[in-house]
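Have a look at final07.txt; it's compact mmCIF, C-alpha atoms:
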```txt
# COMPACT_ATOMS: atom_id res chain seq x y z
CA MET Y 26 -59.73 98.46 83.55
CA VAL Y 27 -61.09 101.75 82.17
CA ILE Y 28 -59.98 103.01 78.77
CA ALA Y 29 -60.24 106.67 77.72
CA LEU Y 30 -61.98 107.09 74.37
CA SER Y 31 -61.86 110.03 72.03
CA MET Y 32 -65.50 110.17 71.01
CA LEU Y 33 -67.93 111.75 73.46
CA ALA Y 34 -70.78 109.35 72.71
CA ALA Y 35 -68.54 106.36 73.17
CA ALA Y 36 -67.11 107.82 76.37
CA GLN Y 37 -70.61 108.23 77.76
CA PHE Y 38 -71.42 104.65 76.79
CA PHE Y 39 -68.34 103.10 78.33
CA ALA Y 40 -68.86 105.06 81.54
CA GLY Y 41 -71.94 102.90 82.16
CA ILE Y 42 -70.51 99.49 81.30
CA THR Y 43 -67.65 97.23 82.29
CA PHE Y 44 -65.25 95.39 80.07
CA ALA Y 45 -61.95 93.51 80.12
CA ALA Y 46 -59.22 92.82 77.61
CA GLU Y 47 -59.55 89.03 77.65
CA PRO Y 48 -62.40 86.61 78.39
CA GLN Y 49 -62.66 85.72 82.06
CA VAL Y 50 -65.07 84.33 84.65
CA PRO Y 51 -67.63 87.04 85.47
CA VAL Y 52 -67.59 88.36 89.03
CA LEU Y 53 -70.85 90.14 89.83
CA TRP Y 54 -70.61 90.10 93.63
CA ASP Y 55 -68.58 92.26 96.00
CA ALA Y 56 -66.68 89.92 98.32
CA LYS Y 57 -66.45 92.69 100.93
CA GLU Y 58 -70.20 93.17 101.17
CA ARG Y 59 -71.73 91.46 104.18
CA LEU Y 60 -75.18 90.08 103.53
CA PRO Y 61 -77.16 88.72 106.50
CA LYS Y 62 -77.39 84.93 106.65
CA PRO Y 63 -81.08 83.99 106.54
CA ASP Y 64 -82.73 81.51 108.87
CA LEU Y 65 -84.85 79.19 106.74
CA SER Y 66 -85.27 76.49 109.37
CA ALA Y 67 -89.02 77.02 109.36
CA LEU Y 68 -89.28 76.60 105.60
CA PRO Y 69 -90.87 73.18 104.93
CA ARG Y 70 -89.19 72.87 101.52
CA LEU Y 71 -87.60 74.91 98.76
CA ARG Y 72 -88.83 73.89 95.32
CA PHE Y 73 -87.06 75.39 92.33
CA LEU Y 74 -89.04 75.45 89.10
CA THR Y 75 -87.19 75.34 85.80
CA THR Y 76 -87.47 73.94 82.26
CA THR Y 77 -85.85 71.07 80.37
CA ASP Y 78 -85.20 72.68 77.00
CA PHE Y 79 -82.67 75.47 77.53
CA PRO Y 80 -79.19 73.92 77.34
CA PRO Y 81 -76.72 74.37 78.89
CA PHE Y 82 -78.86 75.89 81.64
CA ASN Y 83 -81.45 73.10 81.84
CA PHE Y 84 -81.59 69.88 79.84
CA LEU Y 85 -82.09 66.14 80.09
CA ASP Y 86 -78.82 64.24 79.86
CA SER Y 87 -78.29 60.94 78.05
CA ALA Y 88 -79.80 59.08 81.00
CA GLY Y 89 -82.87 61.32 81.05
CA LYS Y 90 -81.71 63.08 84.21
CA LEU Y 91 -82.35 66.80 84.67
CA SER Y 92 -78.99 68.53 84.42
CA GLY Y 93 -77.42 71.87 83.64
CA PHE Y 94 -76.03 75.10 85.01
CA HIS Y 95 -79.28 76.04 86.74
CA VAL Y 96 -79.66 72.61 88.30
CA ASP Y 97 -76.17 72.72 89.80
CA LEU Y 98 -76.69 76.32 90.90
CA ALA Y 99 -80.00 75.52 92.64
CA ARG Y 100 -78.43 72.65 94.56
CA ALA Y 101 -75.49 74.82 95.59
CA ILE Y 102 -77.91 77.50 96.82
CA CYS Y 103 -79.72 74.96 99.00
CA ALA Y 104 -76.39 73.76 100.38
CA GLU Y 105 -75.33 77.31 101.28
CA LEU Y 106 -78.69 77.91 102.98
CA GLY Y 107 -78.30 74.70 104.99
CA ILE Y 108 -81.48 73.14 103.60
CA ALA Y 109 -80.14 70.61 101.10
CA GLU Y 110 -82.49 67.96 102.45
CA LYS Y 111 -85.46 70.23 101.75
CA CYS Y 112 -84.38 71.14 98.24
CA GLN Y 113 -86.36 70.01 95.19
CA ILE Y 114 -86.01 70.88 91.50
CA GLN Y 115 -88.95 70.40 89.15
CA ALA Y 116 -88.97 70.90 85.39
CA LEU Y 117 -92.06 72.25 83.64
CA PRO Y 118 -92.86 73.73 80.24
CA TRP Y 119 -91.97 77.43 80.15
CA GLY Y 120 -95.60 78.49 79.90
CA GLU Y 121 -96.52 76.71 83.12
CA LEU Y 122 -93.83 78.17 85.39
CA ASP Y 123 -95.70 81.27 86.48
CA GLU Y 124 -98.96 79.47 87.28
CA ALA Y 125 -97.11 76.81 89.27
CA LEU Y 126 -95.31 79.47 91.32
CA GLN Y 127 -98.44 81.50 91.98
CA LYS Y 128 -100.38 78.38 92.99
CA GLY Y 129 -97.73 77.50 95.55
CA GLU Y 130 -96.41 74.49 93.66
CA GLY Y 131 -92.92 75.93 93.90
CA GLU Y 132 -91.11 78.66 95.80
CA ALA Y 133 -88.70 79.99 93.17
CA ILE Y 134 -88.20 80.03 89.41
CA ILE Y 135 -84.67 79.61 88.09
CA ALA Y 136 -85.19 79.78 84.35
CA GLY Y 137 -84.11 83.17 83.11
CA ILE Y 138 -87.20 85.30 83.72
CA ALA Y 139 -86.13 88.85 82.94
CA ALA Y 140 -86.40 91.40 85.75
CA THR Y 141 -88.34 94.29 84.16
CA PRO Y 142 -90.72 96.90 85.59
CA GLU Y 143 -93.59 94.70 84.39
CA THR Y 144 -92.33 91.42 85.85
CA ARG Y 145 -91.43 93.10 89.14
CA THR Y 146 -95.15 93.54 89.78
CA LYS Y 147 -95.48 89.74 89.84
CA TYR Y 148 -92.16 88.60 91.28
CA ALA Y 149 -89.49 89.47 93.81
CA PHE Y 150 -86.08 88.95 92.23
CA SER Y 151 -82.66 88.08 93.52
CA ARG Y 152 -79.78 90.12 92.24
CA SER Y 153 -78.44 89.13 88.86
CA TYR Y 154 -76.16 86.09 88.92
CA LEU Y 155 -75.24 86.08 85.23
CA GLN Y 156 -75.26 88.78 82.56
CA PHE Y 157 -74.92 88.57 78.82
CA PRO Y 158 -72.44 91.01 77.34
CA ALA Y 159 -72.20 92.11 73.74
CA ARG Y 160 -68.95 91.11 72.07
CA PHE Y 161 -67.02 91.56 68.85
CA ILE Y 162 -65.56 88.52 67.12
CA MET Y 163 -62.93 88.67 64.39
CA PRO Y 164 -60.60 86.31 62.50
CA LYS Y 165 -57.82 85.28 64.86
CA ALA Y 166 -55.01 86.81 62.80
CA LYS Y 167 -56.72 90.20 62.72
CA ALA Y 168 -58.45 90.36 66.13
CA PHE Y 169 -58.12 93.70 67.91
CA THR Y 170 -57.46 94.34 71.59
CA GLU Y 171 -58.68 97.31 73.62
CA PRO Y 172 -58.82 100.22 72.98
CA ILE Y 173 -60.87 99.05 70.04
CA LEU Y 174 -62.94 102.05 68.97
CA ASP Y 175 -60.46 103.76 66.63
CA LYS Y 176 -59.23 100.44 65.26
CA LEU Y 177 -62.75 99.63 64.07
CA ARG Y 178 -63.10 102.86 62.08
CA SER Y 179 -64.51 102.15 58.60
CA LYS Y 180 -64.46 98.38 59.23
CA ARG Y 181 -67.36 96.29 57.95
CA VAL Y 182 -69.11 94.87 61.03
CA GLY Y 183 -71.92 92.36 60.74
CA VAL Y 184 -74.84 92.27 63.17
CA ILE Y 185 -78.30 90.72 63.28
CA ALA Y 186 -80.79 93.14 61.73
CA GLY Y 187 -83.29 94.73 64.10
CA SER Y 188 -81.57 93.43 67.23
CA ALA Y 189 -80.59 95.36 70.34
CA HIS Y 190 -77.01 94.73 69.29
CA GLU Y 191 -77.58 96.57 66.01
CA LYS Y 192 -78.91 99.56 67.94
CA MET Y 193 -75.86 99.49 70.22
CA LEU Y 194 -73.49 99.21 67.29
CA ARG Y 195 -75.03 102.13 65.43
CA GLU Y 196 -75.17 104.40 68.48
CA TYR Y 197 -71.84 103.72 70.14
CA PHE Y 198 -69.63 102.55 67.29
CA GLY Y 199 -70.84 105.01 64.69
CA THR Y 200 -67.63 105.00 62.65
CA VAL Y 201 -68.02 101.39 61.48
CA GLN Y 202 -69.82 100.21 58.37
CA VAL Y 203 -72.84 98.36 59.75
CA VAL Y 204 -73.74 95.25 57.73
CA PRO Y 205 -77.11 93.83 58.85
CA PHE Y 206 -77.86 90.11 58.50
CA ASP Y 207 -81.17 88.30 58.76
CA ALA Y 208 -79.70 85.05 60.13
CA PRO Y 209 -76.67 84.08 62.25
CA GLU Y 210 -75.59 81.45 59.71
CA ALA Y 211 -75.13 84.11 57.02
CA LEU Y 212 -73.31 86.36 59.47
CA TYR Y 213 -70.87 83.62 60.44
CA GLY Y 214 -70.35 82.59 56.84
CA ASP Y 215 -69.38 86.08 55.74
CA LEU Y 216 -67.06 86.48 58.73
CA LYS Y 217 -65.24 83.24 57.86
CA SER Y 218 -64.97 84.14 54.18
CA GLY Y 219 -63.64 87.64 54.90
CA LYS Y 220 -66.60 89.54 53.45
CA ILE Y 221 -66.91 91.38 56.76
CA ASP Y 222 -64.14 92.37 59.17
CA ALA Y 223 -65.96 91.61 62.41
CA ALA Y 224 -69.29 90.60 63.91
CA PHE Y 225 -71.05 92.17 66.89
CA GLY Y 226 -73.65 90.38 68.96
CA ASP Y 227 -74.53 88.24 71.96
CA GLY Y 228 -71.37 87.02 73.64
CA MET Y 229 -72.85 83.73 74.84
CA ARG Y 230 -74.10 82.75 71.38
CA PHE Y 231 -70.77 83.76 69.89
CA ALA Y 232 -68.96 81.62 72.49
CA PHE Y 233 -70.92 78.52 71.51
CA TRP Y 234 -70.17 79.16 67.84
CA LEU Y 235 -66.47 79.76 68.48
CA GLY Y 236 -66.25 76.50 70.39
CA GLY Y 237 -68.15 74.50 67.77
CA THR Y 238 -67.13 72.71 64.62
CA ASP Y 239 -68.67 75.26 62.25
CA ALA Y 240 -66.20 77.97 63.30
CA ALA Y 241 -63.32 75.58 62.66
CA GLY Y 242 -61.04 77.67 64.85
CA CYS Y 243 -61.26 80.65 62.52
CA CYS Y 244 -62.06 83.39 64.95
CA ARG Y 245 -61.87 84.75 68.46
CA PHE Y 246 -63.28 87.49 70.65
CA ALA Y 247 -61.89 90.97 69.98
CA GLY Y 248 -61.86 93.66 72.62
CA GLY Y 249 -63.80 93.36 75.84
CA PRO Y 250 -67.32 92.44 76.93
CA TYR Y 251 -69.84 95.28 76.94
CA LEU Y 252 -72.58 95.28 79.58
CA ALA Y 253 -75.35 97.71 78.70
CA PRO Y 254 -78.54 97.04 80.72
CA GLU Y 255 -80.49 99.66 78.79
CA TYR Y 256 -80.09 97.52 75.68
CA LEU Y 257 -79.41 94.01 76.94
CA GLY Y 258 -81.34 93.84 80.21
CA SER Y 259 -80.04 93.15 83.69
CA GLY Y 260 -79.26 89.47 83.20
CA MET Y 261 -80.50 86.33 84.93
CA ALA Y 262 -82.06 86.40 88.37
CA ILE Y 263 -84.10 84.03 90.53
CA ALA Y 264 -87.79 84.88 90.82
CA THR Y 265 -89.96 84.32 93.89
CA ARG Y 266 -93.54 85.43 94.49
CA ALA Y 267 -93.85 89.20 94.88
CA GLY Y 268 -95.00 88.72 98.46
CA ASP Y 269 -91.85 86.81 99.41
CA PRO Y 270 -88.95 89.27 99.12
CA ALA Y 271 -87.25 87.63 102.12
CA LEU Y 272 -86.72 84.46 100.10
CA ALA Y 273 -85.29 86.47 97.22
CA ALA Y 274 -82.91 88.12 99.71
CA ALA Y 275 -81.92 84.66 100.96
CA MET Y 276 -80.98 83.80 97.38
CA ASP Y 277 -78.70 86.83 97.35
CA TYR Y 278 -76.85 85.57 100.41
CA ALA Y 279 -76.37 82.13 98.90
CA LEU Y 280 -75.34 83.47 95.49
CA GLN Y 281 -72.72 85.72 97.03
CA GLU Y 282 -71.28 82.84 99.05
CA ILE Y 283 -71.20 80.68 95.94
CA SER Y 284 -69.32 83.42 94.10
CA VAL Y 285 -66.81 84.14 96.87
CA LYS Y 286 -66.00 80.46 97.41
CA GLY Y 287 -65.32 79.89 93.71
CA THR Y 288 -68.25 77.52 93.21
CA PHE Y 289 -69.85 79.79 90.63
CA ALA Y 290 -66.61 79.89 88.66
CA GLU Y 291 -66.53 76.08 88.61
CA PHE Y 292 -70.06 75.93 87.23
CA TYR Y 293 -69.39 78.67 84.69
CA LEU Y 294 -66.29 77.01 83.27
CA ARG Y 295 -68.01 73.62 83.25
CA TYR Y 296 -70.92 74.78 81.11
CA PHE Y 297 -69.25 77.64 79.21
CA PRO Y 298 -65.76 76.36 78.33
CA VAL Y 299 -65.38 79.25 75.90
CA SER Y 300 -65.98 82.17 78.24
CA PHE Y 301 -68.06 85.02 76.86
CA PHE Y 302 -66.47 87.48 79.31
```
Conversion result in C-alpha cells:
Amino acid sequence: MVIALSMLAAAQFFAGITFAAEPQVPVLWDAKERLPKPDLSALPRLRFLTTTDFPPFNFLDSAGKLSGFHVDLARAICAELGIAEKCQIQALPWGELDEALQKGEGEAIIAGIAATPETRTKYAFSRSYLQFPARFIMPKAKAFTEPILDKLRSKRVGVIAGSAHEKMLREYFGTVQVVPFDAPEALYGDLKSGKIDAAFGDGMRFAFWLGGTDAAGCCRFAGGPYLAPEYLGSGMAIATRAGDPALAAAMDYALQEISVKGTFAEFYLRYFPVSFF
C-alpha cells in the first residue's frame, strides 16, 4: 500500500521505504523469482557459527540446549539444501566468530553481522532475511492509522537521543515535537503516563516491550513499519568467507524456499509473537 503525503520531504522518504497499516509477517522474497538450486553434494559439511547470548535469535534453553530463531533457520536451510545430515551449528563468543570462519572452523556465520561496505571486503553475504523497521507506538485509545504524517503534527514524540531513529524522526517527521530520552525505561514511562503522545524507535524492541508485563497492555503500534536502509541498515544476512560467494548464493535459494513454503512465517511468529511489521 502506498500513501500520498503532502510534504515533499516525507514523500521522498516514503518513496524509498515500505510500510503497512497493521503488523504482519515480513515477506522479503519474491515468490516468482526463480533462483537456481545449488548442488552441494561435494560439500563435506556445513557448519553454522552463532552465539548463545542474543535471545530470541540464539540462547540456551532451560535444558542447556542451543535454541532460537537462528538455530531453527539454520536447520531449515540445511533441509532445503538436502544436506541435513551434514549440518552442524556451533556457538561461540561474538568476538571469536570471524577468526573461526577465516580459519575454516565453520562455513557460515548466522549471528547478525551487518552487511556494510567494510564487512563486504571480508565476507560474502546472502540477501537479507530479516529487517528491522522503525515504528511508532501510542496508547491504544489514541493510536493513529496511516496516513499518519498530518495526524502527528505538533504531537510530542519520544525517541532515544543520538540514535538513528532520532535522525529519521527529525528529518522526515519535522512537524512533531521531538522529545529525546537517554534511556528506554524513561521513554516508556513517559508514554504510559501521558507525558508524551507517542514514541518512535526500533520496532523489534518495541514489540518485546508491548508484549511484556511492564507495558501492561497500555499501548500498540501506530501507523506502519518504516524500512530505511540509509538509517537502519539492510537487516540480517548470513555471512560466508569472501572467497565463497557460491555458498552465499546457496543460502539465498534456501531462504527463498523457506519463505515461499511458509516456514519462515512459522519461525517468525514463534519467536516474535508481537509482530514488529
(message) Would you compute the distance between atom CA of Y:Ile263 and atom CA of Y:Lys90? Give it in Å to one decimal.
(response)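 So the two atoms, atom CA of Y:Ile263 and atom CA of Y:Lys90, lie 22.0 Å apart.
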(message) With distances taken over all atoms listed in the file, which residue among Y:Asp78, Y:Leu235, Y:Pro63, Y:Asp55 lies nearest Y:Phe297?
(response)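 The answer is Y:Leu235, which sits nearest to Y:Phe297.
Among the candidates Y:Leu252, Y:Ala159, Y:Ala262, Y:Ala189, the residue lying nearest to Y:Ala224 is Y:Ala159 (atoms considered: only C-alpha atoms).
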(request) Fewer than 5 positions away in the same chain doesn't count, so skip those; otherwise give me all residues within 9 Å of Y:Phe292, counting all atoms listed in the file, as a list in words. (result)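 Returned residues: Phe94, Asp97, Leu98, Gly287 and Phe297 of chain Y.
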Selected residues, C-alpha atoms, written as a PDB file, in the coordinates of the input, please.
```
ATOM      1  CA  PHE Y  94     -76.030  75.100  85.010  1.00  0.00           C
ATOM      2  CA  ASP Y  97     -76.170  72.720  89.800  1.00  0.00           C
ATOM      3  CA  LEU Y  98     -76.690  76.320  90.900  1.00  0.00           C
ATOM      4  CA  GLY Y 287     -65.320  79.890  93.710  1.00  0.00           C
ATOM      5  CA  PHE Y 297     -69.250  77.640  79.210  1.00  0.00           C
TER       6      PHE Y 297
END
```
(request) Return the single residue from Y:Cys243, Y:Ala290, Y:Ala133, Y:Ala116 that is closest to Y:Asp269, with distances computed using all atoms listed in the file. (result)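 Nearest candidate to Y:Asp269 out of Y:Cys243, Y:Ala290, Y:Ala133, Y:Ala116: Y:Ala133.
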(message) I'd like the interatomic distance between atom CA of Y:Val299 and atom CA of Y:Ala232, to a tenth of an Å.
(response) 5.5 Å
